[in-house]
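Asks: One structure, as structure tokens, below. Some questions next.
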Amino acid sequence: MSSLDQHVIASPFVKGRQHQLKFQLILSEASQLFNWQGSRATTLADIAGTMNLTKTCLYYYVRNKEDLVHKCYVASCDMWLRRAVEANAQKGSGLDKIIFMIGGHLQQYAATVRDESPHFALLTEVSSLNDECRQDIVKRWSEIFVLCQSMVEEGIEQGVIADLDPSVVALAIFSIIQWFPVWMNRKHAANASSVMASVLSLVTNGLASEPHEFEDIDFPAIGEIDADSFNREIQNHNKREAFYRVGSAHFNQKGYKGTSLDEIASSLDVTKGAFYYHIKNKEELLYQCFNRTLDLEGGLLSEAGEVGKAGLKKVELSLRYLFHIQFSDQGPLIRYRALPSLGQDHRKRVLKATKENSDKLGAYIRQGLIDGTVRNIDPEITQNMLSGAVEASPELADWLPDLRGRDLSSDYFYLFINGLSRKSRSYVK
């Protein structure tokens, strides 16, 4: 074989290759903007401007903005599927394969933060797509989920993963991966090996260790003010609360774009005029849904701190309280994937309050490190992983239709609490 035969060089003069490279760059730039400010606030002109292109040039690659969002989501699903297929092809146990998949995603996103890899869109606004595109993404995601679930089932059969509902465990695993883009920054990306050690340590201990003993708990009641009160202020409070709860359900299921104020008013059997008497517009409703969620989360975290004594117990109660209210009559809580649909001022206020709540959880982890109930683990990284698990918990309803009335909080958070517990022993291959 000649030396020329040994070196195959992709020619930059091939038009098809140029087109594909430009298209991938457009998807990366668009995904970055969609992730940060949402598709509602992102225009094709914005995307073209970041690349020094004309808006007309983008129409050579996509029909419109919705087509671009869909193509970004397809690229994300393709990346997720490649990771899952690659992991499933590895030698070793089901747990080994899952660890490989999580590590691959972490490395991928760390490279993105370091500007060494393209951006991929978070699947936060699938519900806003038209029926055909939405069904396409759901089908693609189902294929990824089932493949991950099969790896969990393999690990359970081999005895290296706890005997839990595979769907619940798979969703807990995905909650870790999907939350990387939310909390990982340049500091983390520069120390990716250290971050990976903390993440994988929690997962391996959580799935394969001596089990943490979950006890039956009394969930705190979230009381409502008497709806029959003659006090007009109380009546108006209850009406606004109803709007926030119904609004949260619609935003979670349909996204900002797909949520109709007419449908919300109709579901409460009131006129649209009555809606505007209490809330001035749709963004204000979304903002108030976040405020309600943050108030409830803050109260439940404080309640967990008062009921629990040891640090680990406070963490467990916090997670299970938040999980419980999500599926209770007082739910749902608004999901943070709706955050990009808020304006900048509202978003900053929500992020500030979110950090305050998250720091409460972090304080319980640190208490556990001091009182010996939590093993030696990075509290900041763990705090971020737990927040992602809470955020993803409503997706259980998509995979378990008979969820209502069941308390799956111990199964869902098994990985995390067991991974934190000092009782856990390290996984030995």
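Ordering of the structure tokens sets the chain letters (A, B, ...), residue numbers begin anew at 1 in every chain, and ligands are numbered from 1 in the order given.
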Identify, on the basis of only C-alpha atoms, every residue whose closest approach to range 275-289 of chain A does not exceed 7 Å; exclude the query and any residue fewer than 4 positions from it along the same chain; express the result as a list in words.

Replies: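 Surrounding residues, per the criterion: Arg240, Tyr244, Gly247, Ser248, Leu261, Ala265, Thr271, Thr293, Ile334, Leu342 and His346 of chain A.
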
Asks: May I have the selected residues written with C-alpha atoms, as an mmCIF file, in the first residue's frame?

Replies:
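Okay, this is what ended up in again-v1.cif:
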```
data_model
loop_
_atom_site.group_PDB
_atom_site.id
_atom_site.type_symbol
_atom_site.label_atom_id
_atom_site.label_comp_id
_atom_site.auth_asym_id
_atom_site.auth_seq_id
_atom_site.Cartn_x
_atom_site.Cartn_y
_atom_site.Cartn_z
ATOM 1 C CA ARG A 240 -55.305 33.204 41.841
ATOM 2 C CA TYR A 244 -51.430 29.156 39.092
ATOM 3 C CA GLY A 247 -51.413 27.249 34.559
ATOM 4 C CA SER A 248 -48.534 25.111 35.841
ATOM 5 C CA LEU A 261 -55.352 31.395 28.284
ATOM 6 C CA ALA A 265 -60.140 30.022 31.872
ATOM 7 C CA THR A 271 -64.513 33.971 31.475
ATOM 8 C CA THR A 293 -43.554 26.775 43.186
ATOM 9 C CA ILE A 334 -43.948 24.384 37.471
ATOM 10 C CA LEU A 342 -39.693 34.350 30.970
ATOM 11 C CA HIS A 346 -38.439 37.814 35.819
#
```

Asks: Which neighbours of range 352-363 of chain A fall inside 7 Å, counting only C-alpha atoms, when residues of the same chain fewer than 6 positions from it are skipped, and could you give them as a PyMOL selection string?

Replies: chain A and resi 294+298+301+315+379-380+383

Asks: Export C-alpha atoms of the chosen residues as a PDB file, in the first residue's frame?

Replies:
```pdb
ATOM      1  CA  LEU A 294     -40.616  28.510  44.861  1.00  0.00           C
ATOM      2  CA  GLY A 298     -38.951  26.717  50.305  1.00  0.00           C
ATOM      3  CA  LEU A 301     -37.390  22.260  52.508  1.00  0.00           C
ATOM      4  CA  VAL A 315     -32.036  15.371  52.434  1.00  0.00           C
ATOM      5  CA  PRO A 379     -21.616  18.663  48.206  1.00  0.00           C
ATOM      6  CA  GLU A 380     -21.962  21.206  45.379  1.00  0.00           C
ATOM      7  CA  GLN A 383     -26.707  19.346  45.304  1.00  0.00           C
TER       8      GLN A 383
END
```

Asks: Could you give me, as a count of residues only, the residues within 8 Å of Val390 in chain A, counting only C-alpha atoms and dropping anything in the same chain fewer than 3 positions from it?

Replies: 6

Asks: Write out as a count of residues only the set of residues from range 125-202 of chain A that DSSP, computed on the backbone, places in alpha helix (DSSP H).

Replies: 62

Asks: Quick one: everything within 10 Å of Lys71 in chain A, counting only C-alpha atoms, minus sequence neighbours fewer than 3 positions away in the same chain. Send it as an MDAnalysis selection string.

Replies: chainID A and resid 27 31 62 65:68 74:77 121 133 137

Asks: Using only C-alpha atoms, which protein or nucleic acid residues come within 12 Å of Val195 in chain A? Drop anything in the same chain fewer than 3 positions from it, and give the result as a PyMOL selection string.

Replies: chain A and resi 102-103+106-107+109-110+180+183-192+198-202+377-382+384-385

Asks: Using only C-alpha atoms, pick whichever of A:Phe214, A:Trp179, A:Tyr256, A:Phe23 has the shortest atom-to-atom distance to Arg40 in chain A.

Replies: A:Tyr256

Asks: Quote the spacing between CA of Gln367 in chain A and CA of Gly311 in chain A in Å to one decimal place.

Replies: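 CA of Gly311 in chain A lies 4.9 Å from CA of Gln367 in chain A.
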
Asks: Just want the 12 Å neighbourhood of Asp216 in chain A, counted on only C-alpha atoms, with same-chain residues fewer than 4 positions away dropped. Output as an MDAnalysis selection string.

Replies: chainID A and resid 316:317 320 407:410

Asks: Point out the residue among A:Val350, A:Cys57, A:Leu129, A:Ala389 with the least atom-to-atom distance to Ala45 in chain A, counting only C-alpha atoms.

Replies: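 Of the candidates, the smallest distance to Ala45 in chain A is held by A:Cys57.
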
Asks: Restricting the calculation to only C-alpha atoms: of A:Val182, A:Asp371, A:Val307, A:Gln326, which residue gets closest to Leu351 in chain A?

Replies: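 Between A:Val182, A:Asp371, A:Val307, A:Gln326, the residue approaching Leu351 in chain A most closely is A:Val182.
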
Asks: Just the number, please: distance in Å from CA of Gln344 in chain A to CA of Ser302 in chain A, one decimal.

Replies: 28.4 Å

Asks: Would you mind reading off the distance between CA of Met151 in chain A and CA of Ala172 in chain A, one decimal, in Å?

Replies: 13.5 Å
